[in-house]
Structures are given as C-alpha cells and as structure tokens.
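See below for work16.cif, which holds mmCIF, C-alpha atoms.
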data_target
#
loop_
_atom_site.group_PDB
_atom_site.id
_atom_site.type_symbol
_atom_site.label_atom_id
_atom_site.label_comp_id
_atom_site.auth_asym_id
_atom_site.auth_seq_id
_atom_site.Cartn_x
_atom_site.Cartn_y
_atom_site.Cartn_z
ATOM 1 C CA MET A 1 127.004 96.352 152.875
ATOM 2 C CA ARG A 2 127.007 93.237 150.738
ATOM 3 C CA SER A 3 124.336 91.688 152.933
ATOM 4 C CA LYS A 4 122.067 94.682 152.413
ATOM 5 C CA ALA A 5 122.490 94.496 148.626
ATOM 6 C CA THR A 6 121.654 90.794 148.701
ATOM 7 C CA LEU A 7 118.466 91.430 150.665
ATOM 8 C CA ILE A 8 117.422 94.167 148.244
ATOM 9 C CA LEU A 9 118.067 91.843 145.298
ATOM 10 C CA ILE A 10 116.037 89.032 146.869
ATOM 11 C CA ALA A 11 113.189 91.433 147.641
ATOM 12 C CA ALA A 12 113.248 92.742 144.051
ATOM 13 C CA VAL A 13 113.082 89.195 142.655
ATOM 14 C CA ILE A 14 110.165 88.310 144.937
ATOM 15 C CA VAL A 15 108.251 91.489 144.022
ATOM 16 C CA THR A 16 108.874 90.980 140.295
ATOM 17 C CA THR A 17 107.744 87.362 140.491
ATOM 18 C CA THR A 18 104.606 88.320 142.401
ATOM 19 C CA VAL A 19 103.691 91.026 139.892
ATOM 20 C CA GLY A 20 104.263 88.610 137.015
ATOM 21 C CA MET A 21 102.097 85.937 138.629
ATOM 22 C CA HIS A 22 99.324 88.474 139.180
ATOM 23 C CA LEU A 23 99.445 89.612 135.542
ATOM 24 C CA ILE A 24 99.333 86.021 134.302
ATOM 25 C CA HIS A 25 96.348 85.345 136.562
ATOM 26 C CA LEU A 26 94.507 88.377 135.158
ATOM 27 C CA LEU A 27 95.246 87.353 131.574
ATOM 28 C CA ASN A 28 94.053 83.797 132.227
ATOM 29 C CA ALA A 29 90.811 85.088 133.756
ATOM 30 C CA GLN A 30 90.271 87.347 130.745
ATOM 31 C CA HIS A 31 90.940 84.451 128.372
ATOM 32 C CA ASP A 32 88.524 82.192 130.285
ATOM 33 C CA ALA A 33 85.836 84.877 130.049
ATOM 34 C CA ARG A 34 86.305 85.107 126.281
ATOM 35 C CA ILE A 35 86.105 81.331 125.894
ATOM 36 C CA ALA A 36 82.932 81.210 128.013
ATOM 37 C CA ALA A 37 81.337 83.921 125.866
ATOM 38 C CA CYS A 38 81.917 81.975 122.632
ATOM 39 C CA HIS A 39 79.552 79.127 121.967
ATOM 40 C CA PHE A 40 81.486 77.000 119.536
ATOM 41 C CA SER A 41 78.767 74.367 119.234
ATOM 42 C CA ASP A 42 76.233 76.965 118.002
ATOM 43 C CA ALA A 43 78.035 77.262 114.668
ATOM 44 C CA LEU A 44 77.498 73.559 113.957
ATOM 45 C CA SER A 45 73.750 73.675 114.468
ATOM 46 C CA GLY A 46 73.186 75.295 111.053
ATOM 47 C CA VAL A 47 75.639 73.019 109.255
ATOM 48 C CA LEU A 48 74.340 69.650 110.353
ATOM 49 C CA PRO A 49 71.080 68.436 108.836
ATOM 50 C CA SER A 50 68.276 68.070 111.325
#
Same coordinates, now as structure tokens:
Amino acid sequence: MRSKATLILIAAVIVTTTVGMHLIHLLNAQHDARIAACHFSDALSGVLPS
C-alpha cells in the first residue's frame, strides 16, 4: 500500500511540474509578443534633433 501511495505522489509531482512549466512557457511567449509589439526606439526619434 505504501508503494502505491509513493507512486501516486511521484505522479502528482510530475504532473504539477509539467503544468507549471507549460504555464511559464505561455506567459513567456505572451511577454515576448508584447515586447515585440513595442518599438522603444520610436519614442526617441522625436526627442533627438535631426
């Protein structure tokens, strides 16, 4: 019985870790998309004299 509980615990840890990694990956992709959409150098074009 103890062996079965250990296997269930290990499986739960693996599933939780996998779900967490997937969520982090999705958040990083969303963050990268936001950074790509912002053109930080465009704001300086009006400030610097030409």
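Taking atom CA of Ile14 of chain A and atom CA of Gln30 of chain A as the two end points, the separation is 24.5 Å.
Reported to one decimal place, the separation of atom CA of Ile8 of chain A from atom CA of Leu27 of chain A is 28.6 Å.
Taking atom CA of Asp32 of chain A as the reference point, atom CA of Val13 of chain A is found at 28.4 Å.
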